[in-house]
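Here is the structure we will look at, set down as structure tokens.
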Protein chains: 4
Amino acid sequence: LVRSFSERASTINALRGCIVNDAITLREKISPNYIPVHKSELSHLKWNQQPENIFLTKKPWNDNAREAIIEFINYVTKEHPSINILLDPISSEELGPLVSPHAKLFTHNEPSVITSKTDLIITFGGDGTILHAANYFARNPESVSQGKKAISFQNPSDLNKVGYNYNPSISQVPPVLSFSLGTLGFLLPFPFSSYNEAFTNVINSDAKVLNRMRIKCNKDVIVPSRSPFSSNNSSSFMTEKEAFRPSNLSVSESIDHNNLPLAAAAFHTSSLTSSHERPILAMNDITLHRGRSPHLTRLVISLSNLPLTTCIADGLIVSTPTGSTAYSLSSGGPIIHPSVPCILLNPICPRSLSFRPVVIPVGETIQVHVDEESRDGIDVSVDGIEMGGLRRGEGLTIESVGKEAGIWCVVDSHADWVGGLNGLLGFNSVFEIHK
Amino acid sequence: LVRSFSERASTINALRGCIVNDAITLREKISPNYIPVHKSELSHLKWNQQPENIFLTKKPWNDNAREAIIEFINYVTKEHPSINILLDPISSEELGPLVSPHAKLFTHNEPSVITSKTDLIITFGGDGTILHAANYFARNPESVSQGKKAISFQNPSDLNKVGYNYNPSISQVPPVLSFSLGTLGFLLPFPFSSYNEAFTNVINSDAKVLNRMRIKCNKDVIVPSRSPFSSNNSSSFMTEKEAFRPSNLSVSESIDHNNLPLAAAAFHTSSLTSSHERPILAMNDITLHRGRSPHLTRLVISLSNLPLTTCIADGLIVSTPTGSTAYSLSSGGPIIHPSVPCILLNPICPRSLSFRPVVIPVGETIQVHVDEESRDGIDVSVDGIEMGGLRRGEGLTIESVGKEAGIWCVVDSHADWVGGLNGLLGFNSVFEIHK
Amino acid sequence: LVRSFSERASTINALRGCIVNDAITLREKISPNYIPVHKSELSHLKWNQQPENIFLTKKPWNDNAREAIIEFINYVTKEHPSINILLDPISSEELGPLVSPHAKLFTHNEPSVITSKTDLIITFGGDGTILHAANYFARNPESVSQGKKAISFQNPSDLNKVGYNYNPSISQVPPVLSFSLGTLGFLLPFPFSSYNEAFTNVINSDAKVLNRMRIKCNKDVIVPSRSPFSSNNSSSFMTEKEAFRPSNLSVSESIDHNNLPLAAAAFHTSSLTSSHERPILAMNDITLHRGRSPHLTRLVISLSNLPLTTCIADGLIVSTPTGSTAYSLSSGGPIIHPSVPCILLNPICPRSLSFRPVVIPVGETIQVHVDEESRDGIDVSVDGIEMGGLRRGEGLTIESVGKEAGIWCVVDSHADWVGGLNGLLGFNSVFEIHK
Amino acid sequence: LVRSFSERASTINALRGCIVNDAITLREKISPNYIPVHKSELSHLKWNQQPENIFLTKKPWNDNAREAIIEFINYVTKEHPSINILLDPISSEELGPLVSPHAKLFTHNEPSVITSKTDLIITFGGDGTILHAANYFARNPESVSQGKKAISFQNPSDLNKVGYNYNPSISQVPPVLSFSLGTLGFLLPFPFSSYNEAFTNVINSDAKVLNRMRIKCNKDVIVPSRSPFSSNNSSSFMTEKEAFRPSNLSVSESIDHNNLPLAAAAFHTSSLTSSHERPILAMNDITLHRGRSPHLTRLVISLSNLPLTTCIADGLIVSTPTGSTAYSLSSGGPIIHPSVPCILLNPICPRSLSFRPVVIPVGETIQVHVDEESRDGIDVSVDGIEMGGLRRGEGLTIESVGKEAGIWCVVDSHADWVGGLNGLLGFNSVFEIHK
Ligand SMILES: NC(=O)C1=CN([C@@H]2O[C@H](COP(=O)(O)OP(=O)(O)OC[C@H]3O[C@@H](n4cnc5c(N)ncnc54)[C@H](O)[C@@H]3O)[C@@H](O)[C@H]2O)C=CC1
Ligand SMILES: NC(=O)C1=CN([C@@H]2O[C@H](COP(=O)(O)OP(=O)(O)OC[C@H]3O[C@@H](n4cnc5c(N)ncnc54)[C@H](O)[C@@H]3O)[C@@H](O)[C@H]2O)C=CC1
Ligand SMILES: NC(=O)C1=CN([C@@H]2O[C@H](COP(=O)(O)OP(=O)(O)OC[C@H]3O[C@@H](n4cnc5c(N)ncnc54)[C@H](O)[C@@H]3O)[C@@H](O)[C@H]2O)C=CC1
Ligand SMILES: NC(=O)C1=CN([C@@H]2O[C@H](COP(=O)(O)OP(=O)(O)OC[C@H]3O[C@@H](n4cnc5c(N)ncnc54)[C@H](O)[C@@H]3O)[C@@H](O)[C@H]2O)C=CC1
């Protein structure tokens, strides 16, 4: 089905457009330093060495995005001839024939080759494109040694200072420069028209970045402690009827849709002993939802091993500050500035008059498991991507990860977030405006 | 699979317990008059003739409910020997062996025979049991002539006076007396311990009833009027991938679960030309939800043909006042007294800061259809029962039905609703209570 | 301070502009019939006799409003010479010199003379101007015999049909035609530019009207029934420290601000035995608020003599459906169509996680009193106008009044309300709109 | 009115009970170290030297509180004879005659003498008592040299690490141990019954403390930048009618009520040039409210000099995480754990469908001023205490203060906050509980 890289490259070559090269030949990725700006939540992005390898990704099936990425490739080819452009295999096939024959395009069938070469990520699309790019890098890390080298804070002791959990197995994602195309997003992209200035500033170390915290989750089988006599219907005895409901997105479908392989596999292959697998990382949110089950779900929530509450609801959203303006907002949550070090818990349609969104500090661990008395299992999605389900008695452990595993997003200025609130969300649009 | 009535009855007889008789032999149902109580939203229930045929239904798979219904059957057999007890076939098989051999049990394989004989419905369970009983009668009406005879308001001109839509094809459901079993419900059931007094009062015309309004929905294919040029991707050209997603509850499963055949068939068999079928009636709510689709749904809402808004959300709840304390409450809606003649529209997790629940008068028609630009179809459920899905371009027309098609529920007193608010919902439980 | 009418009229005359005549010379008011429109919540406005006397009122201190009313007076003078224009004394003094000398202006120092002559009310301003005009007529009724004559429903038995309380002491307010001036309001005014067509249609019986329900309140001293042993600190023993806090608006100030005498006097003169006085009517809402007291107020709420709850909060809003888009909306309430016959209870900043807005049927009586344990009394306002305060142990009884005492507002079409939602409130403005 | 200390002491002596001594004779206060607990938001409280001087304060006019404080004084006198007990003058007069004659009571008419001697604060009452005690120390600081000495973090560079603003003019408040008396509070007090163990643990350096962040505000006259032509009606031209509305609490009243002089004076004496005065500190919240004005207030809000929005509302709450469960919760806000370094902005009844609570990082500066077009000024209160008003054009600058100026509260364990949520707020009390 999927042809090997060399087949693919030669096909393209045969037609027209540029040659797509093998990414394995590129030098290893370099990472910038992030230097805090005084009295600001932003940092300066400073390269110690000139960045060379940029990974481009775009919204799939979107004409605007395709035209934009082509224009950008041609611009880079002409104005920044030393830059190498990495694409995922499918995009390279799609775009190769359409760009300047001088473009220095690179790809590889093995995503971890691409991620281990990339100095800078550039996205063309909306919020979803940024989320998917982050997911692609989270899912396909370079080797751990790379990851370690990558950490390049000004002051290493800063890493954990606001209580983030440092996790050496999570490698650092390159900085992200994002362009929007008509469909403005809330994750503070640059308008595409400004690409020349924005890109030049970034590679010249003349840009500011915002660190967007991420949260990670691991799947657990929590031994139910509440009902000592329910052991006879514990998870290990679950019948087929109750069993794991796989995501209805197959891996191939996901590739079709996003052009990028999904993180889903980690969950799909999970079994009852799966608790030590690589964590899944979310930039927006981890959502547990009843999905198509008509029945309310019962989710038992603990904070750092202290029972908080049992949430009888359609579901639960565990969100980063970044995600506070995504699903959580629709569910009635507050707007949290991306620099507040916290995690937001917000139920979806709780069967209670008295559930309020709860904001907890980074450093706390959130355990959620599906109550043994719940009538059905639940669906889990991470940043809007379905990750499979949890059966009764199964659960997730969710915690924040350190700043070094956050996503460094290039931003225009401090004003962006406030501007986004007012412009994009229509925050506090008073009635009189509508006169 | 399902044995005929005579087979079933003889089986039971052979074992022990009482003989289950053929319901066809019973006289036709009689309906009481409902006489408004001065300065109250309640009515007096007055029988012109002694009620004889009572239909009993219970929460499935629940020991408390089984014990309660057995105790009640034995009580009726002893104290009210003229009363005939109707059961659905499965319950008669379950309960026949367990009750007094003198019990006058009746059943029939054809639900419409049962519904055409029943003077009074008695439920043993929670809110769901009441909802399912109403659904069973709505789904399996007696013949239309029966339905017409059934209307017996004091003053026929009152029927439509607050703008309800009179619909002769919807037959009247017998009055409902409901008993709760530990798991108290909000639909104002009587505690089971009071069954003697409560039942005696009802058959002696010494009871008060509350009319719970219902809403009905028909499936429509709405010709999209907004985008004249989108005809080329209209519903008739939908590919298999986009097609109707059937409910995952098969009819047999539903019977297992509820002991009562579901209304679902009306939807299941629906095709694109299905707009003239029998409407589906809801006592609580009609919900459109994205279900397992990870994507926000786009629902176009009109009020009596005026475009109201496009709801980009997880879904939409269209609720009766009765349903205001069910799903709608979880979704942030107000509490509406069951006597307010209105319909409540409430989105589920809308992608908007400015969507508020909207309360509209009975008499308005609500049209909801899945936008052609929606990425997926949606699931429809009625009173919590899945009814299948709607594809892009398809929709529902929802309106209230007249008071004669409401559900007359026996209530203890005017105080019940207020008591339910405080006791069951924990309405306005002030912090100081928790000292 | 206030000169007699004759002094005033001569002064004006002496300067320039038109003569202002004595309104006592006009014929008594006539009232139209209101004929329900089939399948609509609207009615046709039908005059049996040509309307002659129109009362004009405007937003005070507003140049746009002044210019508009002058233009309108000159238009009526020219195009409808048979029409008599009634103004309150202050407006007649302000406008007399500025309009055509042929204008047929009338006024009188006694408001009840003006209200007993007025066939039609026309307002120039925003929502507040409509509210004040309704308040002016409610406060200054024509004689009761007039009031009785005024009732002219097509079918008198309709009056009370949806459970409204008929109250012969509340006289009918003439229909209201309202024009907006830039500052669009939500009570569905016509744009001023359309005045010619709108006015001509109304006097030619070619207009549709919406009946806006009102609620009334009486002040009560509720004998606290909850604590039988608290009688020793009952209201009659209140010390000066706890006593009635008068409104800080004096009557003269109110006239300055609104050009219309306020209803406040009823409350101001109220004593502990004041329960039989004329009720105060609200078109939007009756609000109880802690005002400047820093302490939470404790309000005990009953529904038709059944205790509902004790509201520990900043205050409580009791609102008509019309008022659901005013203060109640700001306090998180639902949007209720003006034709739903109901009353909305909504707390302001309740000290409870579980207080939800409650919608009750017309016909229920709401009793609210300030708990004896409340630390302070509270302020009462009606349609945004301060009415004085209530001490501990004092309370209000609030109920809806019949349709005949509602305000009949001329509306453009059925579409207005939906249009207002979207245009004025920015209802459900989705994020994408802001791209 | 207020007698001098010596008069007071002798009076007491003359009657019975113990002698109240002059606090000036006590040694200067000592401050403990606060050592972070690993993987916890709590710190260990470690005294370098034995604490000797404890300040006791209680809820006024409350019999339980009086009995408790007497029992505690007698207990300390007997079990910890080296401890000196500080009281404010009024309490010493009230309690002196009622306690053991051996009690070592101290007081002084000058509050700053008391605050400069106190090692530990102990409160007997509810949340309000803690708030008032913090306010008393904030208002009456020891000398700045003391304040500087007081800072005793383990690692001084930690002080500012999460972006708090270090402010040397704000002196450190001693740690607070609080006991509740029936009326449980949310600020995690100990039950009074455990006083022996709790107190002994604290003085033996065997206790954990939570740092509750505070925010400070300064009054500003913001030169209106929005309307350059509005200078002719600027604040300096305000007439008496618009002028500063003083708090209706006079200083003497406040003393009666709280036994502690209020911070109000700072505001009361403020003039248009008052911007450099000592900031006012809040543990819960700073609230701007229309008070008795019937008109919506217009508040212009900026974040670190970027315009955020204009809030047309009853008011605005600027809250610490601690205050998130106070007024802000009533106004619909989220629940924020006290360790999240953030500030919460929440409007009160905004005239907008789309205002959501906004959570911003510490480090941001919030500027709020009353719009020149606002119809009235507003009232300001800090932790529920009225501070006077702001006129049009005037405003506040609010920012967080460093951890060293937070309030260190002794807590039982990490579990307290979660327990408080569930027990006190009735958080997520599911309907089924009420069966
Ligand atoms: N009812 C709802 O509001 C639902 C929201 N979502 C959200 O969608 C996210 C995935 O986004 P897509 O892949 O683009 O899915 P999508 O294509 O379904 O779009 C979701 C919408 O959310 C916006 N969005 C995404 N992240 C955002 C953020 N951090 N702040 C503000 N707006 C944001 C997108 O621009 C888009 O308008 C999930 O992380 C989840 O938060 C997912 C399901 C339901
Ligand atoms: N997130 C949520 O709150 C959801 C609620 N539902 C509601 O469940 C209803 C079906 O009920 P069941 O078959 O018992 O499903 P179920 O067994 O899933 O229970 C739903 C819960 O709602 C209660 N309930 C039902 N009708 C009610 C009413 N009118 N007022 C107050 N509480 C009520 C029931 O007592 C039960 O606690 C649907 O009509 C829908 O309104 C359905 C899905 C999700
Ligand atoms: N925080 C808030 O939202 C407050 C609202 N109010 C409301 O103001 C009303 C009095 O109005 P005004 O004299 O004009 O006072 P106002 O001049 O203070 O304006 C209140 C605002 O509410 C609007 N409004 C009034 N009635 C409305 C309705 N039925 N639907 C939608 N919008 C409406 C007006 O157009 C104006 O924008 C009161 O009945 C009360 O409902 C009063 C105090 C506070
Ligand atoms: N509508 C409302 O909810 C209002 C609330 N307040 C709050 O009252 C506070 C002052 O408290 P008091 O002097 O005791 O006034 P108070 O005697 O009026 O009581 C306010 C209530 O809030 C509770 N409370 C205070 N701080 C709290 C916190 N941080 N978390 C949870 N509950 C808390 C108290 O225990 C008490 O039940 C203010 O800071 C303000 O936040 C003030 C005015 C109105």
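Each chain in the structure tokens gets a letter, A, B and so on, in the order shown; residues start at 1 in every chain, and ligands are counted from 1 in the order they appear.
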#### Entry: Contact residues around C:Asp376 with only C-alpha atoms at 7 Å, ignoring same-chain residues under 6 positions, as a ChimeraX atom specification
/C:293,297,392
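Near A:Gly315, within 10 Å and counting only C-alpha atoms, sit Thr287, Leu288, His289, Arg290, Gly291, Leu296, Thr297, Arg298, Leu299, Cys311, Ile312, Ala313, Ile317, Asn346, Pro347, Ile348, Cys349, Pro350, Ile378, Asp379 and Val380 of chain A, not including residues fewer than 2 positions from it in the same chain.
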Please, could you write that set of residues out with N, CA, C and O atoms as a CSV table (one decimal), in the first residue's frame?
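This went into part_28.csv:
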chain,number,residue,atom,x,y,z
A,287,THR,N,-10.0,14.2,27.3
A,287,THR,CA,-11.4,14.1,27.6
A,287,THR,C,-11.9,12.7,27.8
A,287,THR,O,-11.6,11.8,27.0
A,288,LEU,N,-12.7,12.4,28.8
A,288,LEU,CA,-13.4,11.2,29.0
A,288,LEU,C,-14.8,11.4,28.7
A,288,LEU,O,-15.4,12.3,29.4
A,289,HIS,N,-15.5,10.7,27.8
A,289,HIS,CA,-16.9,10.9,27.4
A,289,HIS,C,-17.6,9.6,27.2
A,289,HIS,O,-17.1,8.7,26.8
A,290,ARG,N,-18.9,9.7,27.6
A,290,ARG,CA,-19.7,8.5,27.4
A,290,ARG,C,-19.9,8.1,25.9
A,290,ARG,O,-20.3,7.0,25.6
A,291,GLY,N,-19.6,9.0,25.0
A,291,GLY,CA,-19.6,8.7,23.6
A,291,GLY,C,-21.1,8.3,23.2
A,291,GLY,O,-22.0,9.0,23.5
A,296,LEU,N,-25.3,7.8,31.6
A,296,LEU,CA,-24.4,8.6,32.4
A,296,LEU,C,-23.2,7.8,32.8
A,296,LEU,O,-23.4,6.6,33.2
A,297,THR,N,-22.0,8.4,32.7
A,297,THR,CA,-20.9,7.7,33.2
A,297,THR,C,-20.5,8.1,34.6
A,297,THR,O,-20.9,9.2,35.1
A,298,ARG,N,-19.9,7.1,35.4
A,298,ARG,CA,-19.5,7.4,36.7
A,298,ARG,C,-18.0,7.4,36.8
A,298,ARG,O,-17.4,6.3,36.6
A,299,LEU,N,-17.4,8.5,37.0
A,299,LEU,CA,-16.0,8.7,37.0
A,299,LEU,C,-15.5,9.0,38.5
A,299,LEU,O,-16.0,10.0,39.0
A,311,CYS,N,-17.9,11.8,39.7
A,311,CYS,CA,-18.5,12.6,38.7
A,311,CYS,C,-19.5,11.8,37.9
A,311,CYS,O,-19.1,10.9,37.1
A,312,ILE,N,-20.8,12.0,38.1
A,312,ILE,CA,-21.8,11.3,37.3
A,312,ILE,C,-22.2,12.3,36.2
A,312,ILE,O,-22.8,13.3,36.5
A,313,ALA,N,-21.8,12.0,35.0
A,313,ALA,CA,-21.9,13.0,34.0
A,313,ALA,C,-21.8,12.4,32.6
A,313,ALA,O,-21.6,11.2,32.4
A,317,ILE,N,-13.5,16.8,31.4
A,317,ILE,CA,-12.4,17.4,30.6
A,317,ILE,C,-11.3,17.7,31.6
A,317,ILE,O,-11.5,18.5,32.5
A,346,ASN,N,-13.0,20.0,34.5
A,346,ASN,CA,-14.4,20.5,34.2
A,346,ASN,C,-15.3,19.4,33.7
A,346,ASN,O,-14.9,18.7,32.7
A,347,PRO,N,-16.4,19.1,34.4
A,347,PRO,CA,-17.3,18.0,34.0
A,347,PRO,C,-18.1,18.4,32.7
A,347,PRO,O,-18.2,19.6,32.5
A,348,ILE,N,-18.5,17.5,32.0
A,348,ILE,CA,-19.5,17.7,30.9
A,348,ILE,C,-20.8,17.2,31.3
A,348,ILE,O,-21.0,16.1,31.6
A,349,CYS,N,-21.8,18.2,31.4
A,349,CYS,CA,-23.1,17.8,31.8
A,349,CYS,C,-23.2,17.0,33.0
A,349,CYS,O,-23.8,15.8,33.0
A,350,PRO,N,-22.7,17.5,34.1
A,350,PRO,CA,-22.8,16.7,35.4
A,350,PRO,C,-24.2,16.6,35.9
A,350,PRO,O,-25.0,17.5,35.8
A,378,ILE,N,-16.0,4.1,28.9
A,378,ILE,CA,-16.0,5.5,28.3
A,378,ILE,C,-14.9,5.6,27.2
A,378,ILE,O,-14.0,4.8,27.0
A,379,ASP,N,-15.1,6.6,26.4
A,379,ASP,CA,-14.1,7.0,25.3
A,379,ASP,C,-13.2,8.0,25.8
A,379,ASP,O,-13.5,8.9,26.6
A,380,VAL,N,-11.9,7.9,25.4
A,380,VAL,CA,-10.9,8.8,25.8
A,380,VAL,C,-10.4,9.6,24.5
A,380,VAL,O,-10.2,8.9,23.5
### Coordinates-based distance that separates atom CA of A:Tyr34 from atom CA of A:Lys403 (Å, one decimal)
10.8 Å
### Message
Could you list, as JSON, numbers by chain, all protein and nucleic acid residues with an atom at most 6 Å from ligand 1, counting only C-alpha atoms and all ligand atoms?
### Response
{"A": [126, 127, 128, 185, 186, 187, 284, 285, 322, 323, 325, 326, 327, 330, 383, 384], "B": [294, 295, 296, 313, 314, 349, 350, 351]}
Requested write-out: N, CA, C and O atoms of the selected residues, as a compact mmCIF listing (two decimals), in the first residue's frame:
# COMPACT_ATOMS: atom_id res chain seq x y z
N GLY A 126 -5.17 25.78 11.04
CA GLY A 126 -5.82 26.35 12.22
C GLY A 126 -5.22 25.76 13.48
O GLY A 126 -4.11 25.22 13.48
N ASP A 127 -5.99 25.86 14.55
CA ASP A 127 -5.53 25.32 15.82
C ASP A 127 -5.27 23.82 15.72
O ASP A 127 -4.32 23.29 16.29
N GLY A 128 -6.13 23.15 14.98
CA GLY A 128 -5.99 21.69 14.86
C GLY A 128 -4.65 21.31 14.25
O GLY A 128 -4.05 20.29 14.62
N GLY A 185 -7.26 31.03 14.16
CA GLY A 185 -7.34 30.15 15.31
C GLY A 185 -7.07 30.94 16.57
O GLY A 185 -6.71 32.12 16.52
N PHE A 186 -7.23 30.25 17.69
CA PHE A 186 -7.04 30.93 18.96
C PHE A 186 -5.63 30.73 19.50
O PHE A 186 -5.22 31.42 20.42
N LEU A 187 -4.87 29.82 18.92
CA LEU A 187 -3.53 29.56 19.44
C LEU A 187 -2.52 30.56 18.88
O LEU A 187 -1.35 30.25 18.68
N ASN A 284 -3.99 20.64 24.58
CA ASN A 284 -5.30 21.18 24.96
C ASN A 284 -5.90 20.42 26.14
O ASN A 284 -6.04 20.97 27.22
N ASP A 285 -6.27 19.16 25.87
CA ASP A 285 -7.10 18.49 26.86
C ASP A 285 -7.16 16.99 26.67
O ASP A 285 -6.95 16.47 25.58
N THR A 322 -3.96 26.32 28.04
CA THR A 322 -4.21 26.49 26.60
C THR A 322 -5.56 25.94 26.21
O THR A 322 -6.32 26.57 25.47
N GLY A 323 -5.88 24.77 26.73
CA GLY A 323 -7.15 24.13 26.39
C GLY A 323 -8.36 24.78 27.05
O GLY A 323 -9.50 24.43 26.73
N THR A 325 -9.67 27.46 26.49
CA THR A 325 -10.53 28.12 25.51
C THR A 325 -11.06 27.15 24.45
O THR A 325 -11.68 27.58 23.49
N ALA A 326 -10.78 25.86 24.63
CA ALA A 326 -11.27 24.86 23.68
C ALA A 326 -12.53 24.19 24.27
O ALA A 326 -13.48 24.89 24.62
N TYR A 327 -12.55 22.88 24.40
CA TYR A 327 -13.75 22.16 24.84
C TYR A 327 -14.24 22.66 26.19
O TYR A 327 -15.44 22.82 26.44
N SER A 330 -16.58 25.52 26.09
CA SER A 330 -17.93 25.13 25.68
C SER A 330 -18.70 24.51 26.83
O SER A 330 -19.92 24.58 26.89
N ASP A 383 -6.59 15.95 22.82
CA ASP A 383 -6.57 17.04 21.84
C ASP A 383 -7.52 16.77 20.68
O ASP A 383 -7.23 17.06 19.51
N GLY A 384 -8.67 16.18 20.99
CA GLY A 384 -9.69 15.95 19.98
C GLY A 384 -9.48 14.68 19.16
O GLY A 384 -10.29 14.39 18.28
N PRO B 294 -15.94 12.63 16.93
CA PRO B 294 -15.15 13.60 17.69
C PRO B 294 -15.44 15.04 17.28
O PRO B 294 -14.97 15.97 17.92
N HIS B 295 -16.21 15.23 16.23
CA HIS B 295 -16.34 16.58 15.68
C HIS B 295 -17.60 17.28 16.17
O HIS B 295 -18.66 16.67 16.29
N LEU B 296 -17.45 18.53 16.40
CA LEU B 296 -18.57 19.39 16.70
C LEU B 296 -19.64 19.21 15.63
O LEU B 296 -19.34 19.11 14.45
N ALA B 313 -21.98 22.66 18.35
CA ALA B 313 -21.97 22.16 19.73
C ALA B 313 -21.84 20.65 19.73
O ALA B 313 -21.82 20.02 18.68
N ASP B 314 -21.76 20.08 20.94
CA ASP B 314 -21.90 18.64 21.08
C ASP B 314 -23.30 18.19 20.70
O ASP B 314 -23.50 17.07 20.23
N CYS B 349 -22.71 21.89 25.39
CA CYS B 349 -21.35 22.34 25.09
C CYS B 349 -21.26 23.12 23.79
O CYS B 349 -20.55 22.72 22.86
N PRO B 350 -21.94 24.24 23.71
CA PRO B 350 -21.88 25.04 22.48
C PRO B 350 -20.54 25.74 22.33
O PRO B 350 -19.95 26.17 23.31
N ARG B 351 -20.09 25.84 21.11
CA ARG B 351 -18.84 26.55 20.79
C ARG B 351 -19.15 28.03 20.67
O ARG B 351 -18.95 28.65 19.60
### Message
I want to know what sits within 6 Å of A:Val209, based on only C-alpha atoms, with residues of the same chain fewer than 5 positions away left out; could you give that as a PyMOL selection string?
### Response
chain A and resi 42-43+408-411
Using only C-alpha atoms, what does the table of chain C residues within 9 Å of chain B look like, with each row giving the shortest atom pair and its distance in Å to one decimal, sorted by chain and ascending number, as a Markdown table?
| residue | atom | partner | partner_atom | distance |
| --- | --- | --- | --- | --- |
| C:Lys39 | CA | B:Gly363 | CA | 7.2 |
| C:Ser40 | CA | B:Gly363 | CA | 7.8 |
| C:Glu41 | CA | B:Gly363 | CA | 8.4 |
| C:Lys161 | CA | B:Lys161 | CA | 7.6 |
| C:Val162 | CA | B:Val162 | CA | 6.5 |
| C:Gly163 | CA | B:Lys39 | CA | 8.0 |
| C:Leu303 | CA | B:Val418 | CA | 8.3 |
| C:Leu306 | CA | B:Ala415 | CA | 6.7 |
| C:Pro307 | CA | B:Val418 | CA | 8.0 |
| C:Leu308 | CA | B:Val418 | CA | 6.1 |
| C:Thr309 | CA | B:Asn428 | CA | 7.2 |
| C:Thr310 | CA | B:Asn428 | CA | 8.1 |
| C:Cys311 | CA | B:Asn428 | CA | 7.5 |
| C:Ile312 | CA | B:Val430 | CA | 7.5 |
| C:Leu329 | CA | B:Arg356 | CA | 8.9 |
| C:Gly332 | CA | B:Arg356 | CA | 8.4 |
| C:Gly333 | CA | B:Pro334 | CA | 7.5 |
| C:Pro334 | CA | B:Pro357 | CA | 5.0 |
| C:Ile335 | CA | B:Val358 | CA | 4.8 |
| C:Ile336 | CA | B:Val359 | CA | 4.6 |
| C:His337 | CA | B:Ile360 | CA | 5.2 |
| C:Pro338 | CA | B:Ile360 | CA | 8.4 |
| C:Ser339 | CA | B:Pro361 | CA | 6.2 |
| C:Val340 | CA | B:Pro361 | CA | 4.9 |
| C:Pro341 | CA | B:Val340 | CA | 6.9 |
| C:Cys342 | CA | B:Val340 | CA | 6.4 |
| C:Pro350 | CA | B:Asn428 | CA | 8.3 |
| C:Arg351 | CA | B:Val430 | CA | 6.4 |
| C:Ser352 | CA | B:Val430 | CA | 4.8 |
| C:Leu353 | CA | B:Asn428 | CA | 6.9 |
| C:Ser354 | CA | B:Asn428 | CA | 4.6 |
| C:Phe355 | CA | B:Asn428 | CA | 4.2 |
| C:Arg356 | CA | B:Pro334 | CA | 5.9 |
| C:Pro357 | CA | B:Pro334 | CA | 5.0 |
| C:Val358 | CA | B:Ile335 | CA | 4.8 |
| C:Val359 | CA | B:Ile336 | CA | 4.6 |
| C:Ile360 | CA | B:His337 | CA | 5.2 |
| C:Pro361 | CA | B:Val340 | CA | 4.9 |
| C:Val362 | CA | B:Val340 | CA | 7.9 |
| C:Gly363 | CA | B:Lys39 | CA | 7.1 |
| C:Glu364 | CA | B:Ser40 | CA | 8.1 |
| C:His414 | CA | B:Leu306 | CA | 8.8 |
| C:Ala415 | CA | B:Leu306 | CA | 6.8 |
| C:Val418 | CA | B:Leu308 | CA | 6.1 |
| C:Gly419 | CA | B:Leu308 | CA | 8.0 |
| C:Leu421 | CA | B:Leu308 | CA | 8.5 |
| C:Asn422 | CA | B:Leu308 | CA | 7.7 |
| C:Leu425 | CA | B:Ser354 | CA | 8.5 |
| C:Gly426 | CA | B:Ser354 | CA | 6.9 |
| C:Phe427 | CA | B:Ser354 | CA | 5.3 |
| C:Asn428 | CA | B:Phe355 | CA | 4.2 |
| C:Ser429 | CA | B:Ser352 | CA | 6.2 |
| C:Val430 | CA | B:Ser352 | CA | 4.8 |
| C:Phe431 | CA | B:Ser352 | CA | 6.1 |
